[in-house]
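Visitor: Structure in structure tokens, see below.
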Amino acid sequence: MTKMDDIKDWDWVVDGVSFMKAAITHVEQKRRESAIQGGSFLNDQGKHTYVKFRWEGDDLVIDNTNVCHCGSLHTPSLAVHTKLALKMGWLRKIDTGLILGPNLQQEFMGDQIPNMRTHSDWKDITDKDGNPVFWTTSRVEDYMELSMSCGWRFTNLSVAFRSVVGEPTQSLHVYSDVAGSSIVGNRVTDLLREIQYKREGRGTMYFEPLHIPIHVSW
């Protein structure tokens, strides 16, 4: 499980792609830390016992072509908080409930839709009536769960990320009494300069208005 507190101080989390890379890095580190010496991440048939990710450009793909289908208790699982899934466009709310959003694409291996009723081992998640489904949401824990019986593609990560954290460009007002006052709007203020900056994690900006060195950090 990855929480925002786990990665919020990572300076290189600046957009949706780096956010997902940070989350995956954290998950991978926890998985390796929990492994026992001499352990394996493959089962006896050589199938992955963990969620396998790969990148195709800026698209994040969950690759389940070689995943272990070991029943509902042992098959790898992936759950995302519903609120985040809605903001990122992985889910969409309609009058009758929730449907998959435009930024989450379902991909079947070899264009063959598996029949999870006949392949019981592939039945890793179910709906409220116990029927096998490819995805579902849990009202109790408020999570979206994705089945490992197909592949998943997360798209438009950086654009969608702005709905979570806001626009990457903001205005920074620098005030100082070392220069003369000026009129801003309908009031007189000691505004020295207005800067449009792109939010790129924590860092430092240096500029020199009117030959007066000003050092701004955030």
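Just remember, in the structure tokens the first chain shown is A, the second B, etc., residues are 1-based per chain, and ligands are 1-based in the order shown.
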Just list as a list in words whatever in stretch 45-127 of chain A DSSP marks as helix (DSSP H, G or I).
Guide: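 Selection result, helix (DSSP H, G or I) within stretch 45-127 of chain A: Thr82, Lys83, Leu84, Ala85, Leu86, Lys87, Met109, Gly110, Asp111, Ser120, Asp121 and Trp122 of chain A.
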Visitor: Taking the backbone alone, and naming residues the way the document does, which bits of stretch 12-114 of chain A are strand (DSSP E) by DSSP, as number ranges by chain?
Guide: A: 53-56, 59-62, 78-81, 91-94, 97-100, 104-107
Visitor: Please produce a file of those selected residues containing C-alpha atoms, as an mmCIF file, in the first residue's frame.
Guide:
```
data_model
loop_
_atom_site.group_PDB
_atom_site.id
_atom_site.type_symbol
_atom_site.label_atom_id
_atom_site.label_comp_id
_atom_site.auth_asym_id
_atom_site.auth_seq_id
_atom_site.Cartn_x
_atom_site.Cartn_y
_atom_site.Cartn_z
ATOM 1 C CA PHE A 53 4.169 -2.944 -14.432
ATOM 2 C CA ARG A 54 5.808 -1.596 -17.553
ATOM 3 C CA TRP A 55 5.972 1.787 -19.282
ATOM 4 C CA GLU A 56 5.065 2.466 -22.898
ATOM 5 C CA ASP A 59 1.379 5.187 -20.496
ATOM 6 C CA LEU A 60 1.575 2.885 -17.489
ATOM 7 C CA VAL A 61 0.632 -0.695 -18.379
ATOM 8 C CA ILE A 62 -0.223 -3.523 -15.977
ATOM 9 C CA LEU A 78 -4.289 -4.070 -7.123
ATOM 10 C CA ALA A 79 -6.563 -1.565 -5.404
ATOM 11 C CA VAL A 80 -6.777 2.219 -5.801
ATOM 12 C CA HIS A 81 -8.673 4.594 -3.566
ATOM 13 C CA LEU A 91 -13.435 5.945 -12.885
ATOM 14 C CA ARG A 92 -16.366 8.104 -13.933
ATOM 15 C CA LYS A 93 -19.547 8.744 -11.987
ATOM 16 C CA ILE A 94 -22.903 8.502 -13.767
ATOM 17 C CA GLY A 97 -23.143 4.446 -10.327
ATOM 18 C CA LEU A 98 -19.512 4.202 -11.456
ATOM 19 C CA ILE A 99 -18.054 3.144 -14.796
ATOM 20 C CA LEU A 100 -14.505 2.986 -16.141
ATOM 21 C CA LEU A 104 -8.094 3.642 -17.820
ATOM 22 C CA GLN A 105 -8.216 1.172 -20.692
ATOM 23 C CA GLN A 106 -8.911 -2.532 -20.384
ATOM 24 C CA GLU A 107 -6.702 -4.756 -22.558
#
```
Visitor: Extract, using only C-alpha atoms, all DNA, RNA and protein residues at most 10 Å from A:His119, discarding same-chain residues fewer than 4 positions from it, and format them as number ranges by chain.
Guide: A: 69, 114-115, 123, 149
Visitor: Include C-alpha atoms and write out the residues we just selected as a tab-separated table (two decimals), in the first residue's frame.
Guide:
```
chain	number	residue	atom	x	y	z
A	69	HIS	CA	-3.83	-17.15	-11.41
A	114	PRO	CA	-11.42	-14.86	-20.70
A	115	ASN	CA	-14.44	-16.71	-19.36
A	123	LYS	CA	-11.92	-15.52	-10.69
A	149	SER	CA	-7.45	-11.66	-15.69
```
Visitor: If I take atom CA of A:Asp129 and atom CA of A:Glu145, how far is one from the other in Å, to one decimal?
Guide: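 Computed distance, atom CA of A:Asp129 to atom CA of A:Glu145, equals 15.8 Å.
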Visitor: For A:Asp124, which of A:His74, A:Lys21, A:Arg153, A:Lys47 is the closest residue, counting only C-alpha atoms?
Guide: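 When distances to A:Asp124 are compared using only C-alpha atoms, the smallest one comes from A:His74.
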Visitor: Quick one, how far is atom CA of A:Trp90 from atom CA of A:Ser158?
Guide: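 Distance between the two atoms: 13.1 Å.
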Visitor: Would you kindly return, as a VMD selection string, each protein, DNA or RNA residue with an atom no farther than 9 Å from any atom of A:Tyr50, considering only C-alpha atoms and excluding same-chain residues fewer than 4 positions away?
Guide: chain A and resid 31 41 to 42 67 to 68 75 to 77
Visitor: Would you save the residues of that selection, restricted to N, CA and C atoms, as a PDB file, in the first residue's frame?
Guide:
```pdb
ATOM      1  N   ARG A  31       7.853  -4.664  -1.446  1.00  0.00           N
ATOM      2  CA  ARG A  31       7.761  -6.077  -1.834  1.00  0.00           C
ATOM      3  C   ARG A  31       9.096  -6.776  -1.616  1.00  0.00           C
ATOM      4  N   PHE A  41       9.819 -14.709  -6.548  1.00  0.00           N
ATOM      5  CA  PHE A  41       8.621 -13.989  -6.947  1.00  0.00           C
ATOM      6  C   PHE A  41       7.914 -14.687  -8.110  1.00  0.00           C
ATOM      7  N   LEU A  42       8.263 -15.963  -8.304  1.00  0.00           N
ATOM      8  CA  LEU A  42       7.607 -16.800  -9.306  1.00  0.00           C
ATOM      9  C   LEU A  42       7.067 -18.042  -8.615  1.00  0.00           C
ATOM     10  N   VAL A  67       1.014 -13.622 -15.270  1.00  0.00           N
ATOM     11  CA  VAL A  67       0.716 -13.538 -13.849  1.00  0.00           C
ATOM     12  C   VAL A  67       0.183 -14.872 -13.342  1.00  0.00           C
ATOM     13  N   CYS A  68       0.397 -15.117 -12.065  1.00  0.00           N
ATOM     14  CA  CYS A  68      -0.107 -16.337 -11.439  1.00  0.00           C
ATOM     15  C   CYS A  68      -1.603 -16.196 -11.157  1.00  0.00           C
ATOM     16  N   THR A  75      -3.830 -14.836  -5.847  1.00  0.00           N
ATOM     17  CA  THR A  75      -3.559 -14.072  -7.057  1.00  0.00           C
ATOM     18  C   THR A  75      -3.162 -12.650  -6.674  1.00  0.00           C
ATOM     19  N   PRO A  76      -2.149 -12.071  -7.347  1.00  0.00           N
ATOM     20  CA  PRO A  76      -1.786 -10.677  -7.035  1.00  0.00           C
ATOM     21  C   PRO A  76      -3.007  -9.767  -7.159  1.00  0.00           C
ATOM     22  N   SER A  77      -3.002  -8.683  -6.424  1.00  0.00           N
ATOM     23  CA  SER A  77      -4.157  -7.783  -6.437  1.00  0.00           C
ATOM     24  C   SER A  77      -3.695  -6.334  -6.512  1.00  0.00           C
TER      25      SER A  77
END
```
Visitor: Rank nothing, just name the residue among A:Asp127, A:Leu157, A:Met116, A:Thr96 nearest to A:Ser18, using only C-alpha atoms.
Guide: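 Nearest to A:Ser18: A:Leu157.
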Visitor: Which residue gives the smallest distance to A:Asp121 among A:Leu84, A:Gly39, A:Gly71, A:Met20, with only C-alpha atoms counted?
Guide: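 Looking at the shortest contact to A:Asp121, the residue is A:Gly71.
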Visitor: Go ahead and compute the interatomic distance for atom CA of A:Gly57 and atom CA of A:Lys87, in Å to one decimal.
Guide: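 So the two atoms, atom CA of A:Gly57 and atom CA of A:Lys87, lie 21.7 Å apart.
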